[in-house]
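Encoded as structure tokens, the structure appears first; notes follow it.
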Amino acid sequence: MNLTVRIFFVAFIVLLIAASASQETLLWGASSWRGVSLTAATVFAAALLLLLTGRIRNGFAKALEIPDRFSRKAAVAAAAAAFVLLWLLRSRHFLWGDGYSMGLAVERGVTALPSAPLATALSRGFFELLNRLLFWNSFETSALLSVIAGIFFAASVRASFGAASKGTFPAAAFTLAGGYFVVFFGFGGASPLAAAGTGLFIWLSIIRLHSGAIPLVVPALAATAAILLHVSNIFLIVPLLYLLLSAARLRESRLEAATAAGTIAACWIAVDLTAERLAGLPGVSSHLAGTASRAFSSLAGTGTAGALSLAFNSLVLAGPAALLAVVLAVSRSGRRGATTGYGSSSDGPGPGTMRFLLVTAASAAVFIFLAAPSIRGGLRWELAVPASAAMAVYAAAALRSRAASLKEFNAAAAVLAALGLFHLIPVVVTNFSLEAGEKRILDLPLQAGKAETVIGAQAWYARDYGKAAEWWSAAAGKDPENAGIWHRLGMAEMKLEEPLDAITCFHRASKIDPENHVYRTALAEAYIEHRWFTEASQELETLVSEFPDSARLWTRLGYARNHGNMYPGAVEAYERALELDPESREYARNLTSAVLNRGAELQKNGDFDGARKMYRYARRLYPADWVSLNNLATLEMELGEWGGARKILAGALQEHAQISQLHFNMSVVLENLGEYGQALEHLRKAARLDRFNPPSNEHIERLMRKAGEAVPRP
């Protein structure tokens, strides 16, 4: 086995044990065993060191020796085993990764997220299919899709080595076990699909480089699709340019290279235009530009030493294969088989393939370096998944290229696969156990309050709002100037039906970030919940002045004014909302309510003409409602116009014969007109229809006497 691999093998084990045993946070990327069991890590490490002995190592390697052309039954069995394993490894909580956010987006009917438009579309389509057939929820279908992506990635890695020389199972096994990204293949989200896209691009590119059997536009389109799966695949632009420039150097393939480049540009422009003009979403280009700007800003604030530390920890977190790729790239090749043996061009990857894989791995490493602040500080561990996958493929190819024999390559792949498992176990445990996951995240050197915020979010997703409020309260205590934390805490207090506490939190968030309309809208909603309608109206008036085309804000302003007895303003706000969305029946009913309230107010103040106009306006707005007719009748009754009131109520009862209030008012009108028999009949109907608040017996008996009926004795 190569000396470089031996040294790396021991150094990586020592690094993980030392980092986990230390209380320092400098090597946070290697300290994952700390939250599980340091004793178990020590025992496991001792067992791994036995692989340095030739007999044990060769026996372990022999177990991985599966023929290149094993039977279809064996392939199906291996795929089924991988399926079951990855399914069991799927996350039990959402402290990191994008599985939950993807599932939630699909559940809400989102077709494309700006960071992962194609992955979102695939996830939603997969959900629509399985939800109809098996009634699976969006989180289960997303996890299953990621399992399929994992199997596809393994197959593409094996096919990549087969395209360059002889495909072997150990290469695929090492690539998978050599990075923690394999765990994400059971989580769901966009990152597993992105890694599968990376594998597909590498496979098609190697076919192109090795034999030229496919047009250049095929791997070019594969790279475009991979980036659209998730923008973290943006590093694939560099190896794609390598392919295009390599082809452009040859006169006979320059036209093909130009055609491939033009096709990519056309596809990219089409996607951006579709997103921005048709779907109303930010284009992929604008999202990438914003993300890159934030990444450079984050790096600028860490300094050179801080940036290198973040990058190193992110590489360690990505897995031993990613770190080994860097070691192999910078160390001397030492290719004992460069001219003979297993590393010869007839058996191993050729120079062109190795250069392409090196370019891919180098661009992936640069991406991890740039994304390192988000990987740690934002707990966006899934960002490293596609990049670490690409680096693992290069590490496997470099090992194979330098091996003097198939036996030596299998031995190196076996020990590195075992090393990858040593790295993966604590990651799996912290995703199975919420307690271990919380301990792990609290150990990370995050900004103040970040760990508590994320754990609180997990409790929120689990609908444990009390626990969420406790964690977010702790986060607010550590980072009191973080408006987002105060907003989250306010949301939890609203769920706990503590609107006064929510008002305090939302007010704090709005003071910290007064330009954020989300915080101010939440504050207005808390005011409404606490029945502070004047304060809610004031806040919403400011918001509608900034967003005059928001029907939702106008209708909430109408609600606050309507319930705060500010009826003219309520009518105005509801009218504006209905103008913006004239097809909304909800807005029409809201406006009807405010108009009726305004009419009742005018009637109480003696403005009968104004009240009559309001009631007729309500009738036009919502003809199916009986209240406007009832109010018109009561207005006529108050004016002593009993004939007019009778006519209105008769028409209303033709449409709403089951409304007790209409029958009661009709009995009053008929009594005043001297028609006591009919009045008694309507009064009895009112009593039958309203069992909870019927007319009094004294009222019924009085009408019975007027109608000449015998009153029953008590």
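Chain labels follow the order of the structure tokens: the first chain is A, the next B, and so on; residue numbering restarts at 1 in every chain, and ligands are counted from 1 in their shown order.
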* Asked: Could you name the residues that touch range 499-516 of chain A at 10 Å or less, counting only C-alpha atoms, but leaving out those on the same chain fewer than 5 positions away, as JSON, numbers by chain?
  -> {"A": [473, 476, 480, 481, 482, 483, 484, 485, 486, 487, 488, 489, 490, 491, 492, 493, 494, 521, 522, 523, 524, 525, 526, 527, 528, 529, 530, 531, 532]}
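Residues in contact range of Asn631 in chain A, defined as at most 9 Å between only C-alpha atoms, with sequence neighbours fewer than 6 positions away removed, read Leu596, Gly599, Ala600, Arg612 and Tyr615 of chain A.
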Convert the current residue selection to file output with C-alpha atoms, as an mmCIF file, in the first residue's frame.
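Now in result.cif:
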```
data_model
loop_
_atom_site.group_PDB
_atom_site.id
_atom_site.type_symbol
_atom_site.label_atom_id
_atom_site.label_comp_id
_atom_site.auth_asym_id
_atom_site.auth_seq_id
_atom_site.Cartn_x
_atom_site.Cartn_y
_atom_site.Cartn_z
ATOM 1 C CA LEU A 596 -73.159 46.907 7.299
ATOM 2 C CA GLY A 599 -74.737 51.544 8.081
ATOM 3 C CA ALA A 600 -75.634 50.523 11.640
ATOM 4 C CA ARG A 612 -80.075 53.104 3.766
ATOM 5 C CA TYR A 615 -77.420 48.670 3.408
#
```
* Have a look at CA of Ile659 in chain A and CA of Tyr587 in chain A and let me know their distance in Å, one decimal. =>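 We find that CA of Ile659 in chain A and CA of Tyr587 in chain A lie 23.9 Å from each other.
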Compile a residue-level contact table for range 326-414 of chain A against range 25-30 of chain A at a cut-off of 12 Å, reporting for every qualifying residue the shortest atom pair and its distance in Å to one decimal, with only C-alpha atoms counted, rows ordered by chain and ascending number, as a tab-separated table.
```
residue	atom	partner	partner_atom	distance
A:Ala372	CA	A:Gly29	CA	10.9
A:Ile375	CA	A:Gly29	CA	10.3
A:Arg376	CA	A:Gly29	CA	8.7
A:Gly377	CA	A:Trp28	CA	11.6
A:Leu379	CA	A:Gly29	CA	11.6
A:Trp381	CA	A:Gly29	CA	10.7
```
Please produce a file of those selected residues containing C-alpha atoms, as a CSV table (one decimal), in the first residue's frame.
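Contents of again.csv, as written:
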```csv
chain,number,residue,atom,x,y,z
A,372,ALA,CA,-16.7,27.5,4.3
A,375,ILE,CA,-20.9,25.6,5.8
A,376,ARG,CA,-20.0,26.4,9.4
A,377,GLY,CA,-21.7,29.6,10.4
A,379,LEU,CA,-24.8,25.1,9.2
A,381,TRP,CA,-23.4,21.3,5.5
```
* To do: Would you please extract all helix (DSSP H, G or I) residues from range 109-203 of chain A, as assigned by DSSP on the backbone, and give them as a ChimeraX atom specification?
  => /A:117-134,138-164,169-177,181-184,191-203
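Atom to atom, CA of Ala687 in chain A and CA of Gly651 in chain A stand 20.5 Å apart.
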* Asked: Hey, what's within 10 Å of Pro712 in chain A if we count only C-alpha atoms and toss same-chain stuff fewer than 3 positions away? As a list in words, please?
  ->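 Returned residues: Glu701, Met704 and Glu709 of chain A.
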* Could you pull the residues within 9 Å of Leu209 in chain A, counting only C-alpha atoms, minus those fewer than 6 positions along the same chain, as an NGL selection string? -> :A and (164 or 243 or 352-353 or 356)
* For Thr592 in chain A, which residue out of A:Val36, A:Ala411, A:Val627, A:Ile227 is the nearest one, using only C-alpha atoms? ->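 Among the listed residues, the smallest separation from Thr592 in chain A belongs to A:Val627.
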* Considering only C-alpha atoms, return as a VMD selection string whatever protein or nucleic-acid residues lie within 10 Å of range 660-674 of chain A, sequence-local ones (same chain, fewer than 2 positions apart) excluded. => chain A and resid 626 to 627 629 to 631 633 to 634 636 to 637 640 to 650 652 to 653 656 to 658 676 to 691 693 to 695 703 706 to 707
* Do a neighbour search on Asn137 in chain A at 10 Å with only C-alpha atoms, toss out local chain neighbours closer than 2 positions, and write the hits as a ChimeraX atom specification. => /A:103,106-107,127-128,130-131,134-135,139-142
Can those selected residues be exported to a file as a CSV table (one decimal), in the first residue's frame so that it contains N, CA and C atoms?
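New file selection_11.csv:
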```
chain,number,residue,atom,x,y,z
A,103,GLY,N,-38.8,19.5,1.6
A,103,GLY,CA,-40.1,18.9,1.8
A,103,GLY,C,-41.2,19.9,2.1
A,106,VAL,N,-42.1,21.6,-1.3
A,106,VAL,CA,-43.0,20.7,-2.1
A,106,VAL,C,-44.4,20.7,-1.5
A,107,GLU,N,-44.5,20.6,-0.2
A,107,GLU,CA,-45.8,20.5,0.5
A,107,GLU,C,-46.6,21.8,0.2
A,127,PHE,N,-43.3,13.7,-5.7
A,127,PHE,CA,-44.3,13.8,-4.7
A,127,PHE,C,-45.7,13.6,-5.2
A,128,GLU,N,-46.0,14.3,-6.3
A,128,GLU,CA,-47.3,14.2,-6.9
A,128,GLU,C,-47.6,12.8,-7.3
A,130,LEU,N,-46.2,9.8,-6.1
A,130,LEU,CA,-46.3,8.8,-5.0
A,130,LEU,C,-47.4,9.2,-4.1
A,131,ASN,N,-47.7,10.5,-3.9
A,131,ASN,CA,-48.7,10.9,-3.0
A,131,ASN,C,-50.1,10.4,-3.5
A,134,LEU,N,-49.5,6.2,-3.2
A,134,LEU,CA,-49.2,5.6,-1.9
A,134,LEU,C,-49.5,6.5,-0.7
A,135,PHE,N,-50.0,7.7,-1.0
A,135,PHE,CA,-50.3,8.7,0.0
A,135,PHE,C,-49.1,9.1,0.9
A,139,PHE,N,-42.0,14.7,2.8
A,139,PHE,CA,-40.7,14.4,3.4
A,139,PHE,C,-40.3,13.0,3.1
A,140,GLU,N,-41.2,12.1,3.1
A,140,GLU,CA,-40.9,10.7,2.7
A,140,GLU,C,-40.5,10.5,1.2
A,141,THR,N,-41.3,11.2,0.4
A,141,THR,CA,-40.9,11.1,-1.1
A,141,THR,C,-39.6,11.8,-1.4
A,142,SER,N,-39.3,12.9,-0.7
A,142,SER,CA,-38.0,13.5,-0.9
A,142,SER,C,-36.8,12.6,-0.4
```
* To do: Skip range 152-157 of chain A itself and residues of its chain fewer than 6 positions away, then list as a ChimeraX atom specification all residues within 10 Å of it, counting only C-alpha atoms.
  => /A:79,82,146,163,167-169,171-173,175-176,182,185,192-204,389-390,392-393,396
* To do: State, in Å with one decimal place, the distance from CA of Ile264 in chain A to CA of Leu244 in chain A.
  =>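 It comes out at 11.3 Å.
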* Asked: For Ala387 in chain A, which residue among A:Ala321, A:Ala594, A:Ala47, A:Ala21 is the nearest when counting only C-alpha atoms?
  ->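 Checking each candidate against Ala387 in chain A, we get A:Ala321 as the closest.
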* Selected residue of minimal separation from Ala159 in chain A among A:Ala18, A:Ile207, A:Ala225, A:Ile56, counting only C-alpha atoms -> A:Ile207
* Asked: So which one's closest to Thr453 in chain A, A:Ser22, A:Leu328, A:Leu245, A:Leu95? Using only C-alpha atoms, please.
  ->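 Looking at the shortest contact to Thr453 in chain A, the residue is A:Leu95.
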